[in-house]
Amino acid sequence: MKKRVLSFLLAGMLTAGMLAGCEGGVKTSENPAAAEQQSAAEESGAAGEDGGEQELTTVHILCKNDYDDVIKTENWEQYPISQELISDLEEIGIRLELECIDNESFENVVKTRMASGQDIPDLISYCWATESDVQTWAASGMLYSVDELVEQYDEDGSIRAFYDEMAPGVWESTMLEDGNVYWFTYLMGNSASIDAESGVEYLNASPFTFSIRQDWVEAVGEEVKEVYTPEELFTLLKKMYDEDANGNGVSDEIAELSIDGFNYFAPAFGLTLDLLGGYFAEENEVFSNFFHENFPAYIEFMQRLYQAGVCDTITLNTSQAQLISENRYSMVIGYSVWDYESSLQDVDENSTYYTPIYVDPDGDLSNGFPIIVDSPDPRGYNQYFVPKACENPEAVMKLMDYVYSERYAMLDQYGIEGESYEYDENGNIVMLSKEEEGDERIPGTLADASIGLYALPRMVVYPAVVERVNAGDPPYMQAKQEWRYNFFTELYPIADPVYDWGLWATATDEEAAVISETQNQLETYASELLADLILGNKSLDNLEEYQQELNDLGLQEYLQVRQARRDRILGKTQ
C-alpha cells in the first residue's frame, strides 16, 4: 500500500465530470452478485440485536447513473466501500433500492413522474438539476417539509445539529419563503487543508489570477515580478506585443480579457466581477459596478488595452485552448494552478511558461490587495427531497439520520480506515492508495462509488493532510502549486478577497419574480454596454443616460433582491 495525499483541487475536476451526461434509457442494477445478496436479505432479513432476524425496510431512490465513463451508480453494490454502507444500513433495518437513470434523461424523467404522480419513489436525488423545479413542487404541496419530518422523526435533533456544526448557514440558505426547508443537501462545509510538510492548516479555496508567459517576458528583456500595478502590466503586455515576444514576425500577442463582462483587472479598480451586482468579503454590501466612482477609470484603462492591440475581440468567440495552442496568449485568466501548458506544442516540462501574478492598485502587497477566490463559505449542493407519495417517510428519516453523522461522512469523504486512509502521528487524516492492476478502478470512498453523491448526499466536511505539490506533475506545474500554497499561508490573511461567486439565500416567490422579470434584459444590456464602451462605440460622456437605462430595466429592484438574499445568509433578517 502506497501513501498519497488527497488534493482538494480534484473537487473542481470531479464536479466538471459529474455534470456530463450520456445517452441511454432507464437503468437498474443488473449485477448478479448484488441481486443475489438483495434477494437473500429480503427473504431472511438481517440479524437483530437479540441475534434474531430483523426485517429490512426498503427505501426506493431515483437518481442519476453516469458518474463518469467507468463508474455507474447502478453498480454501486459491487465495491468494498459499498459493503460497509450496506452493513451499516442493515443494522438500522434499512436496505436501498436504486433506480438509476442516464444523466441526459434524468431531469425529464423526474419532471414527467412528478407531473403524473406515477412511479414516485421514497427519495429523489435531484443532483445538478434545476432547483426552481423543486421549489415549484414544494409550493404545490407535493413534497414533505424537511422541518416537519425532522420534528416528527428526528427526536434528538441530530440532523440539524450536524448541518449547523459542519456547514453553518446552509440550512438557512435553503429555506423557502414559508420558513421551511424542503430538501436535504450535499454539504461542503470545510475549506481547510493541513500541509504534510509543515503541519500548517490553511484555507484550501481556489484563487483566480492572471498568469503571464514568463518566457515571453524574458524574451523582451524583462523579469516577471510578483505584483504589478495595472499601468505596469499594461506597459509589459504592450511591449510583448510590439517586440514580437513569440518570435513569429507578427504582432499578435494578446491577453485574454473579457470586454462583455468585468475581467480580472476590475478588482484593482475597486470593482467586483459580477456583471450586475456583487459584494466584497467582509463588507457584504451589494453594489453595481456601473454606479461605482471608479467605473469610468476601468473603462478608460480597457479602452487603452484595446487600442494598443493587446485586447482583441477574437477572444469573444475563440476558446482559450485554441489561442494558447496558436501561441498567441501573452496572459491568461483562471485558476492559478490550471495546466494551460497542455495546449502548447512541444512543451519542455523543465521550462516555465504561464506563471501566476498579482495585480494591485499601488503594487504594494503589505497594505492589502484584491484577490479573486472561490468563496470559502459553507455550501449545500443538490436537492435530495421526499415526495408526499413516499410510502415510508419514517424509514427515509432513519436513513437520513445515519447520513448526517460522522460515520457516513467519513465513509463518503475518506472511505475505510486502513484501506483508504490512516491517521498520522498528529491525528490528521492521510489518504492511501492501492496499486491497481490494469485499468480496473476500485473506488475507495462512497462519493467515488457514486452512491455518496448521486443517490445520497456528498460530504466534504473534514480537513485532510495534503502535499503542497504533486510529485508526479511536471516542474512547471509544481511551481504553480507552490505559489498557491505560499499565497494561502503567507498572503491570504492580508488580502482583500473578491468572491467570484457569492452565497445567496434561496429567493422568495416575490424575489424570484423580480429576477425573472429583470435579469435577462439587464444582463443583455450590461454586456452590450461594456463592449460598446471599450470598443469606442459609446461614450462615457453619456454614462448617466446608461445608468438610467439600467434603472429603467429594474437594476435597483434587482440589487435589493440580491442584498436581501445576502442578508438572510448572514442572519440579519429572517
# chains A, B, ... in the order shown; residues from 1 in each chain; ligands from 1

call {"tool": "select_by_dssp", "arguments": {"residues": "region 132-238 of chain A", "states": "helix (DSSP H, G or I)", "output": "NGL selection string"}}
result
:A and (132-139 or 146-153 or 158-166 or 170-173 or 214-219 or 230-238)

call {"tool": "write_last_selection", "arguments": {"atoms": "C-alpha atoms", "output": "PDB file, in the first residue's frame"}}
result
ATOM      1  CA  SER A 132     -36.562  26.007  -9.286  1.00  0.00           C
ATOM      2  CA  ASP A 133     -38.372  22.777 -10.184  1.00  0.00           C
ATOM      3  CA  VAL A 134     -38.069  21.564  -6.615  1.00  0.00           C
ATOM      4  CA  GLN A 135     -39.260  24.922  -5.294  1.00  0.00           C
ATOM      5  CA  THR A 136     -42.341  24.672  -7.512  1.00  0.00           C
ATOM      6  CA  TRP A 137     -43.128  21.167  -6.276  1.00  0.00           C
ATOM      7  CA  ALA A 138     -42.671  22.326  -2.689  1.00  0.00           C
ATOM      8  CA  ALA A 139     -45.006  25.291  -3.195  1.00  0.00           C
ATOM      9  CA  VAL A 146     -37.879  18.574   5.988  1.00  0.00           C
ATOM     10  CA  ASP A 147     -38.661  20.621   9.089  1.00  0.00           C
ATOM     11  CA  GLU A 148     -41.861  18.599   9.541  1.00  0.00           C
ATOM     12  CA  LEU A 149     -40.025  15.307   9.087  1.00  0.00           C
ATOM     13  CA  VAL A 150     -37.240  16.301  11.447  1.00  0.00           C
ATOM     14  CA  GLU A 151     -39.709  17.382  14.117  1.00  0.00           C
ATOM     15  CA  GLN A 152     -41.632  14.131  13.853  1.00  0.00           C
ATOM     16  CA  TYR A 153     -38.869  11.567  13.458  1.00  0.00           C
ATOM     17  CA  SER A 158     -29.014  15.258  15.294  1.00  0.00           C
ATOM     18  CA  ILE A 159     -29.657  16.076  11.633  1.00  0.00           C
ATOM     19  CA  ARG A 160     -29.998  19.820  12.137  1.00  0.00           C
ATOM     20  CA  ALA A 161     -27.143  19.745  14.641  1.00  0.00           C
ATOM     21  CA  PHE A 162     -24.883  18.109  12.032  1.00  0.00           C
ATOM     22  CA  TYR A 163     -25.772  20.812   9.495  1.00  0.00           C
ATOM     23  CA  ASP A 164     -25.094  23.616  11.958  1.00  0.00           C
ATOM     24  CA  GLU A 165     -21.792  22.162  13.144  1.00  0.00           C
ATOM     25  CA  MET A 166     -20.347  21.047   9.830  1.00  0.00           C
ATOM     26  CA  VAL A 170     -26.509  26.016   4.742  1.00  0.00           C
ATOM     27  CA  TRP A 171     -29.816  25.105   6.402  1.00  0.00           C
ATOM     28  CA  GLU A 172     -30.877  28.755   6.313  1.00  0.00           C
ATOM     29  CA  SER A 173     -29.698  29.166   2.714  1.00  0.00           C
ATOM     30  CA  GLN A 214       7.267  34.137 -18.314  1.00  0.00           C
ATOM     31  CA  ASP A 215       9.371  33.035 -21.287  1.00  0.00           C
ATOM     32  CA  TRP A 216       7.934  35.904 -23.364  1.00  0.00           C
ATOM     33  CA  VAL A 217       8.590  38.401 -20.591  1.00  0.00           C
ATOM     34  CA  GLU A 218      12.217  37.280 -20.567  1.00  0.00           C
ATOM     35  CA  ALA A 219      12.324  37.370 -24.378  1.00  0.00           C
ATOM     36  CA  PRO A 230      -2.449  47.930 -13.754  1.00  0.00           C
ATOM     37  CA  GLU A 231      -0.236  50.509 -15.515  1.00  0.00           C
ATOM     38  CA  GLU A 232       2.904  48.383 -15.150  1.00  0.00           C
ATOM     39  CA  LEU A 233       1.122  45.348 -16.528  1.00  0.00           C
ATOM     40  CA  PHE A 234      -0.261  47.378 -19.447  1.00  0.00           C
ATOM     41  CA  THR A 235       3.263  48.537 -20.320  1.00  0.00           C
ATOM     42  CA  LEU A 236       4.643  44.990 -20.179  1.00  0.00           C
ATOM     43  CA  LEU A 237       1.844  43.463 -22.290  1.00  0.00           C
ATOM     44  CA  LYS A 238       2.246  46.202 -24.912  1.00  0.00           C
TER      45      LYS A 238
END

call {"tool": "residues_around", "arguments": {"residues": "Ala268 (chain A)", "least_positions_apart": "5", "cutoff": "12 Å", "atoms": "only C-alpha atoms", "output": "PyMOL selection string"}}
result
chain A and resi 209+227-231+233+262-263+273+294-295+297-298+301+358-364+368-372+496-498

call {"tool": "residues_around", "arguments": {"residues": "Pro393 (chain A)", "least_positions_apart": "4", "cutoff": "8 Å", "atoms": "only C-alpha atoms", "output": "MDAnalysis selection string"}}
result
chainID A and resid 122 149 386 397

call {"tool": "closest_residue", "arguments": {"among": "A:Gly157, A:Gly444, A:Gly247, A:Gly179", "to": "Trp76 (chain A)", "atoms": "only C-alpha atoms"}}
result
A:Gly444

call {"tool": "residues_around", "arguments": {"residues": "Ser193 (chain A)", "least_positions_apart": "6", "cutoff": "7 Å", "atoms": "only C-alpha atoms", "output": "list in words"}}
result
Glu201, Tyr202, Leu203, Asn204, Pro463, Ala464, Val465 and Val466 of chain A

call {"tool": "closest_residue", "arguments": {"among": "A:Ile333, A:Leu559, A:Val310, A:Ala192", "to": "Val460 (chain A)", "atoms": "only C-alpha atoms"}}
result
A:Ala192

call {"tool": "closest_residue", "arguments": {"among": "A:Ser251, A:Gln547, A:Ser539, A:Asn486", "to": "Arg468 (chain A)", "atoms": "only C-alpha atoms"}}
result
A:Asn486

call {"tool": "closest_residue", "arguments": {"among": "A:Asp377, A:Glu107, A:Ser366, A:Tyr546", "to": "Leu533 (chain A)", "atoms": "only C-alpha atoms"}}
result
A:Tyr546

call {"tool": "decode", "arguments": {"residues": "region 52-66 of chain A", "atoms": "all heavy atoms", "output": "mmCIF file, in the first residue's frame"}}
result
data_model
loop_
_atom_site.group_PDB
_atom_site.id
_atom_site.type_symbol
_atom_site.label_atom_id
_atom_site.label_comp_id
_atom_site.auth_asym_id
_atom_site.auth_seq_id
_atom_site.Cartn_x
_atom_site.Cartn_y
_atom_site.Cartn_z
ATOM 1 N N GLY A 52 -31.753 -12.491 16.610
ATOM 2 C CA GLY A 52 -32.796 -12.931 15.699
ATOM 3 C C GLY A 52 -32.743 -12.145 14.408
ATOM 4 O O GLY A 52 -31.870 -11.323 14.192
ATOM 5 N N GLU A 53 -33.697 -12.409 13.545
ATOM 6 C CA GLU A 53 -33.716 -11.720 12.271
ATOM 7 C C GLU A 53 -34.460 -10.405 12.383
ATOM 8 O O GLU A 53 -35.456 -10.290 13.085
ATOM 9 C CB GLU A 53 -34.372 -12.605 11.206
ATOM 10 C CG GLU A 53 -33.557 -13.847 10.884
ATOM 11 C CD GLU A 53 -34.241 -14.696 9.830
ATOM 12 O OE1 GLU A 53 -35.378 -14.349 9.449
ATOM 13 O OE2 GLU A 53 -33.644 -15.690 9.385
ATOM 14 N N GLN A 54 -33.945 -9.397 11.670
ATOM 15 C CA GLN A 54 -34.569 -8.093 11.650
ATOM 16 C C GLN A 54 -35.084 -7.836 10.235
ATOM 17 O O GLN A 54 -34.340 -7.957 9.260
ATOM 18 C CB GLN A 54 -33.562 -7.002 12.025
ATOM 19 C CG GLN A 54 -34.153 -5.594 11.979
ATOM 20 C CD GLN A 54 -33.108 -4.541 12.302
ATOM 21 O OE1 GLN A 54 -31.932 -4.846 12.429
ATOM 22 N NE2 GLN A 54 -33.536 -3.297 12.424
ATOM 23 N N GLU A 55 -36.334 -7.493 10.132
ATOM 24 C CA GLU A 55 -36.891 -7.218 8.816
ATOM 25 C C GLU A 55 -36.351 -5.889 8.302
ATOM 26 O O GLU A 55 -36.306 -4.897 9.023
ATOM 27 C CB GLU A 55 -38.409 -7.157 8.895
ATOM 28 C CG GLU A 55 -39.077 -6.955 7.539
ATOM 29 C CD GLU A 55 -40.589 -6.958 7.633
ATOM 30 O OE1 GLU A 55 -41.104 -7.283 8.725
ATOM 31 O OE2 GLU A 55 -41.232 -6.623 6.632
ATOM 32 N N LEU A 56 -35.929 -5.880 7.035
ATOM 33 C CA LEU A 56 -35.379 -4.674 6.438
ATOM 34 C C LEU A 56 -36.467 -3.910 5.696
ATOM 35 O O LEU A 56 -37.258 -4.495 4.954
ATOM 36 C CB LEU A 56 -34.255 -5.034 5.456
ATOM 37 C CG LEU A 56 -33.059 -5.794 6.032
ATOM 38 C CD1 LEU A 56 -32.041 -6.076 4.937
ATOM 39 C CD2 LEU A 56 -32.418 -5.029 7.178
ATOM 40 N N THR A 57 -36.476 -2.597 5.894
ATOM 41 C CA THR A 57 -37.398 -1.732 5.170
ATOM 42 C C THR A 57 -36.667 -1.156 3.965
ATOM 43 O O THR A 57 -35.576 -0.595 4.098
ATOM 44 C CB THR A 57 -37.896 -0.585 6.059
ATOM 45 O OG1 THR A 57 -38.545 -1.140 7.208
ATOM 46 C CG2 THR A 57 -38.858 0.308 5.299
ATOM 47 N N THR A 58 -37.257 -1.293 2.800
ATOM 48 C CA THR A 58 -36.636 -0.804 1.575
ATOM 49 C C THR A 58 -36.946 0.669 1.362
ATOM 50 O O THR A 58 -38.101 1.094 1.460
ATOM 51 C CB THR A 58 -37.120 -1.601 0.358
ATOM 52 O OG1 THR A 58 -36.752 -2.972 0.517
ATOM 53 C CG2 THR A 58 -36.508 -1.070 -0.933
ATOM 54 N N VAL A 59 -35.906 1.454 1.076
ATOM 55 C CA VAL A 59 -36.055 2.855 0.677
ATOM 56 C C VAL A 59 -35.729 2.935 -0.812
ATOM 57 O O VAL A 59 -34.623 2.600 -1.238
ATOM 58 C CB VAL A 59 -35.119 3.780 1.477
ATOM 59 C CG1 VAL A 59 -35.194 5.215 0.933
ATOM 60 C CG2 VAL A 59 -35.491 3.764 2.959
ATOM 61 N N HIS A 60 -36.719 3.337 -1.593
ATOM 62 C CA HIS A 60 -36.560 3.439 -3.047
ATOM 63 C C HIS A 60 -36.044 4.827 -3.403
ATOM 64 O O HIS A 60 -36.630 5.837 -3.010
ATOM 65 C CB HIS A 60 -37.899 3.185 -3.745
ATOM 66 C CG HIS A 60 -38.486 1.845 -3.457
ATOM 67 N ND1 HIS A 60 -38.277 0.740 -4.250
ATOM 68 C CD2 HIS A 60 -39.274 1.425 -2.440
ATOM 69 C CE1 HIS A 60 -38.910 -0.298 -3.745
ATOM 70 N NE2 HIS A 60 -39.528 0.090 -2.638
ATOM 71 N N ILE A 61 -34.949 4.874 -4.173
ATOM 72 C CA ILE A 61 -34.317 6.147 -4.545
ATOM 73 C C ILE A 61 -34.226 6.249 -6.064
ATOM 74 O O ILE A 61 -33.787 5.317 -6.736
ATOM 75 C CB ILE A 61 -32.906 6.271 -3.928
ATOM 76 C CG1 ILE A 61 -32.973 6.181 -2.402
ATOM 77 C CG2 ILE A 61 -32.254 7.583 -4.356
ATOM 78 C CD1 ILE A 61 -31.610 6.217 -1.725
ATOM 79 N N LEU A 62 -34.625 7.392 -6.593
ATOM 80 C CA LEU A 62 -34.471 7.691 -8.011
ATOM 81 C C LEU A 62 -33.267 8.615 -8.156
ATOM 82 O O LEU A 62 -33.197 9.661 -7.500
ATOM 83 C CB LEU A 62 -35.732 8.380 -8.548
ATOM 84 C CG LEU A 62 -35.785 8.681 -10.054
ATOM 85 C CD1 LEU A 62 -35.787 7.390 -10.861
ATOM 86 C CD2 LEU A 62 -37.008 9.531 -10.383
ATOM 87 N N CYS A 63 -32.302 8.255 -9.014
ATOM 88 C CA CYS A 63 -31.057 9.017 -9.076
ATOM 89 C C CYS A 63 -30.410 8.931 -10.450
ATOM 90 O O CYS A 63 -30.826 8.146 -11.306
ATOM 91 C CB CYS A 63 -30.088 8.518 -8.009
ATOM 92 S SG CYS A 63 -29.610 6.784 -8.202
ATOM 93 N N LYS A 64 -29.378 9.689 -10.636
ATOM 94 C CA LYS A 64 -28.583 9.646 -11.868
ATOM 95 C C LYS A 64 -27.659 8.428 -11.862
ATOM 96 O O LYS A 64 -27.307 7.908 -10.803
ATOM 97 C CB LYS A 64 -27.743 10.919 -12.013
ATOM 98 C CG LYS A 64 -28.532 12.141 -12.435
ATOM 99 C CD LYS A 64 -27.593 13.317 -12.672
ATOM 100 C CE LYS A 64 -28.352 14.523 -13.213
ATOM 101 N NZ LYS A 64 -27.453 15.676 -13.463
ATOM 102 N N ASN A 65 -27.225 8.047 -13.057
ATOM 103 C CA ASN A 65 -26.407 6.838 -13.184
ATOM 104 C C ASN A 65 -24.968 7.093 -13.586
ATOM 105 O O ASN A 65 -24.075 6.371 -13.175
ATOM 106 C CB ASN A 65 -27.034 5.895 -14.216
ATOM 107 C CG ASN A 65 -26.387 4.527 -14.202
ATOM 108 O OD1 ASN A 65 -26.276 3.909 -13.149
ATOM 109 N ND2 ASN A 65 -25.946 4.057 -15.354
ATOM 110 N N ASP A 66 -24.716 8.137 -14.380
ATOM 111 C CA ASP A 66 -23.418 8.258 -15.050
ATOM 112 C C ASP A 66 -22.446 9.140 -14.284
ATOM 113 O O ASP A 66 -22.264 10.313 -14.603
ATOM 114 C CB ASP A 66 -23.622 8.807 -16.459
ATOM 115 C CG ASP A 66 -24.643 7.988 -17.237
ATOM 116 O OD1 ASP A 66 -24.515 6.757 -17.235
ATOM 117 O OD2 ASP A 66 -25.565 8.590 -17.814
#
